[in-house]
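Notes follow once the structure below has been shown.
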Amino acid sequence: MQILGRGLLILSALFQAPVVAASGLVLHRTVQVEQGELKLELPPDEVQVLQGAWRFTEQPVTSMDAARFRELPLRNPLTGDFFYTMFSDLPERGHFILALGAEQPMSFSVMLGGLVAQGELTLVTADGPRTVYRPPSELIPADGRGRLQIPHPTFVVLLPAGVSYLVYSYEQAPVRKGQEWVSNAGLVGPFQFGSAHKIRQRFQFHELFLKIPMGVFACLFVYSLLIYKSRHREDEESLILAFINGLTFFREVLTQTVVLNYIPSSASLQVVHAFGTALPLLVTALAIHYLHFKYPSRWLAFLRAVVTLNFCVIAVNNILMPFPNPWLDTSFLTMNCYVLNAILFFIFFIPYMVWISFRTRNKEITNFSIGVLFMAAGTLSDFINSLGNHGWPWLAMWGGMVLSVVLAKNNSRMFAKAFDTAKQLNAALTAKNHEIEALNQSLEQKVSQRTAEMRALLEYIPQGVLSIGAGGAVEANYSAHLPDVLEQKAIAGASFRTLFLDHLELGFDDKDQVWQAIIGSVGENSLTFELNSDKFPSEVGYCFQGQLKILKLTWNIECDAQQEVLRILVTMLDVTLEITTRRELEEKNTDLSIIRQLLEAGVRKCVQFFSSCDQLLRESELLIQADRVDGEALKIVFVNIHTIKGAARTLQFKALSAVLHAAESGYAQAIRIAQTPDSQALAADLRRVRAMFDRYLHVNREVLGRDSGLTKVPLDRDFLEEHHALLQNLAQRPGVPADLKPSLQRSRDTLAQAVFVSLRAALDDILGQVATIARDLQKEAPRLQLEVDDILINHRQENVLKNCFLHLLRNSLDHGIEEAPEREAQGKARQATLFVKAWRVEEQLVIEYWDDGRGLALPRLKERALTLGLLTPSAPALEIANTVFHEGVSTAQSLSQISGRGIGMSAVKRFLETEQGNIEIMLPDQIRGDQVFVRFRFRMSMTIHPSMASGMDEQVA
């Protein structure tokens, strides 16, 4: 029974061999320890591995006692069953003793395979004990009895002549294994001694020997995953290969001492150990699944299920092993699972696999079988090596690497097959392409025949059709209707440029581009025509002998088998009547839109608009008509156009606003480049503005019958103002008879109604545009708060205030007033407020205007003014603020059709100066240096005519 159990243990160990810690080298000499004694004649040069039993005692060894030493029992420090080499039936503390005899003093290095218990090595000589190795204090547990993880501890032994004792002392608390308590001697791997250089060389070779397969596993894992992903996650074989390599790599990483050092507790270590010992079963299950994938079989499916179940049982049992369990011997259950898996793998699976490979003669299955046999041979070698500590190379990993490489080779065979299949399909496709090309040639012949038949149809098509051949010559096969379209008879052989292009209403450059595109396309690849397709017009004006036609054109090509253009086909359809009708309809629609806009604006606003803007246009026309337009004149024209555009946008005159915006942009560009402007271009822009302005004026007068205007009175306006002042003086004279005074006052009031207007009424009319401006800017309309005395102003002053407030209102709504969410965040009312206050000081009209917005951005204004050279860096705040009245100064960050050109406040100042007025900016008395925005007010003043002031006094009295 013991022999049978040992045989089953061997089979299970063969299956589980990858779990054994690897610590051997290829080149070394084994030294057998006899009766716990070792004689050294010379210092060891090569690496020597100790085998055999040492003397063991539970009592401390502090002195040399040969008689007592020989009475101690022999014990191998590496005893213990195969699965748990670190555990045995030793007591929880003890001492292993090795007698070292030397004929002369010598020194050598000693390296242990690993130390996992609290222990130290002492050299006892005739002079007394001397510690030669002790674990670092930072690695020793607090209780002095916990688990350690010290890989390959190495130390130097200075051995005197004679006999000395090398004592290994350990101490470790017992741990549970199943239903038993076992202790841990702490040694992993045999003692090795020799020169430091040889030991280091052997260790490095060992590490390299183990890491090569791990590197192969990692590379094949990544390779398989990439293949699986590139095949849209449908390649099960690549996925199996990825799992086999990934699990093998992960299992080998778990057994490395470097990884174990980072496991914080014994419980975590037990979990790692449990999965580490069970993972080879899962790899075996995947190998069985791979064979089942290649050769479906119920028997393989059964083996796969049993092995997978045993993996789960072993993993759980290994986790539960340290815990007491009176009903189940987990150690016995685990061992039986190992034995069962070894029997299934070696006795059933391998022979069945070899039988399948011989039966199917499948190269992939044969290669797989060879790989499994290599892995089995490596496992057997590792098992024998671990039992006898022979120091052989650990070959299980290399056998697994052979299996992985074989599986990768099988996977690459699929690539080769797919490549061969693609190559065959490509050849078949090439043959089909040749057949299609032959068919195309046949079709081209048929097309040529059909072309002759289509020629007859050309005689009846009511369009002009022609073809352009090499050199741009018109070929003879054109439609019968073409002479009627072109009004020419000599067509065949004529140059297309002379025949057609020279009569088009296109610029010389546009005509030349069309001609060059035609010449460059005929005889070249069709791609050339496609790239130049934007050069061919689709609708042109054709003028021959003073008769204008509008032709709709289509351009196509005829190519040969090599896709070279043979000729360009052009069709011409006379759409003159259609286009004329469409343009007339568009003109009528435009007139209807103008009528609607004028009706919505109202009679009074339209009359005011045409009256004030006509004066600005006349002034601009006089300046543009000069022989040389200087910079100052251009700026005045720009201000006038900008002002007219603002008024037009306020009244929603869309067509006129668009023309004004285009002209304004041209003038702004001319000012920006600071060069002599093109007078003809500027005059052309102004003519377009005048034409659209006159069109609106014509519709307003002739269509809507609005023939009156504020500038037309029975007598000259200045004459009326003088007589109004005369009547005012007569009415105030003390000697005027009482019966004449009422008549004089009535005459004075009648003249006042014809000449003057109330400031309050004028402001109400002007500020009524706020809602329209806010709508243009997509902002909420602000509230208005007016505090205005009863003052009369004349028509010119009304126009000036209208133009001024147009810019002021746009400035407030576009720059000053915040968005509603921003105002609420600052604690302000959601709806903004505009303030206007007006009063009279002697013969001066004073108007203050401000809003409750963010204020004036002094830092940004200063930065802009410094850029333009308008002030010095040390300029005071008021001087900085006054730069808003300079042209080109604006705090707007973007340009729009509403504002942003830096012209608004300079225009306000200019308008006021025409009526002997002025504007100034008022700032708070105290301004902090860190303020970004500063509250401010605009104060405007104008001289009031004496008659207006007197009339006001009388009216108030």
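Chain identifiers are assigned as A, B, and so on, following the order in which chains appear in the structure tokens; residues are numbered from 1 within each chain, and ligands are numbered from 1 in order of appearance.
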
Spatial neighbours of Thr498 of chain A, 12 Å, only C-alpha atoms, chain gap at least 2 places, as a VMD selection string: chain A and resid 472 to 474 486 488 490 to 491 493 to 496 500 to 504 511 to 512 515 544

Selection above as a file: N, CA and C atoms, as a CSV table (one decimal), in the first residue's frame:
```csv
chain,number,residue,atom,x,y,z
A,472,GLY,N,-9.3,72.0,-78.5
A,472,GLY,CA,-10.5,72.9,-78.3
A,472,GLY,C,-11.3,73.2,-79.5
A,473,ALA,N,-11.2,72.3,-80.5
A,473,ALA,CA,-12.0,72.5,-81.7
A,473,ALA,C,-13.4,71.8,-81.6
A,474,VAL,N,-14.4,72.5,-82.1
A,474,VAL,CA,-15.7,71.9,-82.1
A,474,VAL,C,-15.9,70.9,-83.2
A,486,LEU,N,-26.7,79.8,-80.9
A,486,LEU,CA,-25.6,80.6,-81.0
A,486,LEU,C,-25.7,81.8,-82.0
A,488,GLN,N,-25.1,81.5,-85.0
A,488,GLN,CA,-23.9,81.4,-85.9
A,488,GLN,C,-24.1,80.1,-86.7
A,490,ALA,N,-21.2,79.0,-88.9
A,490,ALA,CA,-19.9,78.3,-89.1
A,490,ALA,C,-19.5,77.8,-87.7
A,491,ILE,N,-19.8,76.5,-87.5
A,491,ILE,CA,-19.6,75.9,-86.2
A,491,ILE,C,-18.5,74.8,-86.2
A,493,GLY,N,-15.4,72.6,-86.6
A,493,GLY,CA,-14.0,73.0,-86.8
A,493,GLY,C,-13.6,74.3,-86.1
A,494,ALA,N,-14.5,75.1,-85.7
A,494,ALA,CA,-14.2,76.4,-85.1
A,494,ALA,C,-13.7,76.2,-83.7
A,495,SER,N,-12.9,77.1,-83.3
A,495,SER,CA,-12.4,77.1,-81.9
A,495,SER,C,-13.5,77.4,-80.9
A,496,PHE,N,-13.6,76.6,-79.9
A,496,PHE,CA,-14.7,76.8,-78.9
A,496,PHE,C,-14.5,78.2,-78.2
A,500,PHE,N,-17.6,80.6,-78.7
A,500,PHE,CA,-18.5,80.7,-77.6
A,500,PHE,C,-18.0,81.5,-76.4
A,501,LEU,N,-16.8,81.2,-76.0
A,501,LEU,CA,-16.3,81.8,-74.8
A,501,LEU,C,-16.1,83.3,-74.9
A,502,ASP,N,-15.6,83.8,-76.1
A,502,ASP,CA,-15.4,85.2,-76.2
A,502,ASP,C,-16.7,86.1,-76.2
A,503,HIS,N,-17.8,85.4,-76.3
A,503,HIS,CA,-19.1,86.2,-76.3
A,503,HIS,C,-19.8,86.1,-74.9
A,504,LEU,N,-19.1,85.5,-73.9
A,504,LEU,CA,-19.8,85.4,-72.6
A,504,LEU,C,-19.5,86.6,-71.8
A,511,LYS,N,-12.8,83.5,-68.3
A,511,LYS,CA,-12.8,82.8,-69.6
A,511,LYS,C,-11.6,82.0,-69.8
A,512,ASP,N,-10.4,82.6,-69.4
A,512,ASP,CA,-9.2,81.9,-69.6
A,512,ASP,C,-9.1,80.6,-68.8
A,515,TRP,N,-11.1,77.9,-70.6
A,515,TRP,CA,-10.4,77.5,-71.8
A,515,TRP,C,-9.2,76.5,-71.4
A,544,PHE,N,-24.3,88.1,-78.5
A,544,PHE,CA,-23.8,88.0,-79.9
A,544,PHE,C,-24.6,89.1,-80.7
```

Would you please work out which residue, of A:Arg93, A:Arg251, A:Arg361, A:Lys549, is nearest to Pro60 of chain A when using only C-alpha atoms? A:Arg93

Would you list the contacts of segment 584-594 of chain A as a ChimeraX atom specification, taking every protein, DNA or RNA residue within 10 Å and counting only C-alpha atoms, but skipping same-chain residues closer than 2 positions in sequence? /A:578-582,596-600,652-656,695-697,699-700,703

For Val406 of chain A, list every protein, DNA or RNA residue within 10 Å, evaluated using only C-alpha atoms, and leave out those in the same chain fewer than 4 positions away; present the list as a PyMOL selection string. chain A and resi 364-372+400-402+410-412

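Coordinates place atom CA of Pro876 of chain A at a distance of 12.9 Å from atom CA of Pro924 of chain A.
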
If we count only C-alpha atoms, what is near Lys909 of chain A at a cut-off of 10 Å, once residues fewer than 4 positions away on the same chain are taken out, given as a PyMOL selection string? chain A and resi 804+885-886+904-905+913-914+917-920+940

Within segment 550-710 of chain A, find each residue whose DSSP state, derived from the backbone, is strand (DSSP E), and express the selection as a list of chain:residue names.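 Residues meeting the strand (DSSP E) criterion: A:Ile550, A:Leu551, A:Lys552, A:Leu553, A:Thr554, A:Trp555, A:Asn556, A:Ile557, A:Glu558, A:Cys559, A:Val565, A:Leu566, A:Arg567, A:Ile568, A:Leu569, A:Val570, A:Thr571, A:Met572, A:Leu573, A:Asp574.
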
Near Asp685 of chain A, counting only C-alpha atoms, which residues have an atom at most 6 Å away, once you skip same-chain residues fewer than 3 positions from it, shown as a list in words?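 Residues near the query, excluding close chain neighbours: Ala663, Leu682 and Arg688 of chain A.
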
Could you write out the selected residues, including all heavy atoms, as a compact mmCIF listing (two decimals), in the first residue's frame?
```txt
# COMPACT_ATOMS: atom_id res chain seq x y z
N ALA A 663 -20.87 98.28 -48.17
CA ALA A 663 -20.10 99.50 -48.44
C ALA A 663 -19.27 99.89 -47.22
O ALA A 663 -18.10 100.29 -47.34
CB ALA A 663 -21.05 100.64 -48.82
N LEU A 682 -14.79 103.18 -54.39
CA LEU A 682 -15.58 103.83 -53.35
C LEU A 682 -16.83 104.46 -53.94
O LEU A 682 -17.93 104.39 -53.35
CB LEU A 682 -14.74 104.88 -52.65
CG LEU A 682 -13.47 104.38 -51.93
CD1 LEU A 682 -12.73 105.56 -51.31
CD2 LEU A 682 -13.83 103.36 -50.88
N ARG A 688 -24.24 102.21 -55.37
CA ARG A 688 -25.14 101.12 -55.00
C ARG A 688 -25.98 101.49 -53.78
O ARG A 688 -27.17 101.17 -53.71
CB ARG A 688 -24.34 99.84 -54.73
CG ARG A 688 -23.85 99.16 -56.00
CD ARG A 688 -23.25 97.80 -55.70
NE ARG A 688 -21.96 97.91 -55.04
CZ ARG A 688 -20.79 97.97 -55.70
NH1 ARG A 688 -20.80 97.92 -57.03
NH2 ARG A 688 -19.65 98.06 -55.05
```

List the spatial neighbours of Glu787 of chain A as JSON, numbers by chain - criterion: any atom at most 9 Å away, only C-alpha atoms, same-chain residues fewer than 6 positions off excluded. {"A": [835, 836, 837, 838, 839]}

Written selection (N, CA and C atoms) as a compact mmCIF listing (two decimals), in the first residue's frame:
```
# COMPACT_ATOMS: atom_id res chain seq x y z
N PHE A 835 -31.17 105.59 -18.39
CA PHE A 835 -31.55 106.84 -17.75
C PHE A 835 -31.23 108.00 -18.70
N VAL A 836 -32.21 108.92 -18.84
CA VAL A 836 -32.02 110.14 -19.63
C VAL A 836 -32.53 111.31 -18.80
N LYS A 837 -31.70 112.31 -18.64
CA LYS A 837 -32.06 113.51 -17.88
C LYS A 837 -31.69 114.72 -18.71
N ALA A 838 -32.66 115.66 -18.91
CA ALA A 838 -32.43 116.83 -19.76
C ALA A 838 -32.98 118.07 -19.06
N TRP A 839 -32.20 119.16 -19.15
CA TRP A 839 -32.64 120.43 -18.59
C TRP A 839 -31.94 121.57 -19.34
```
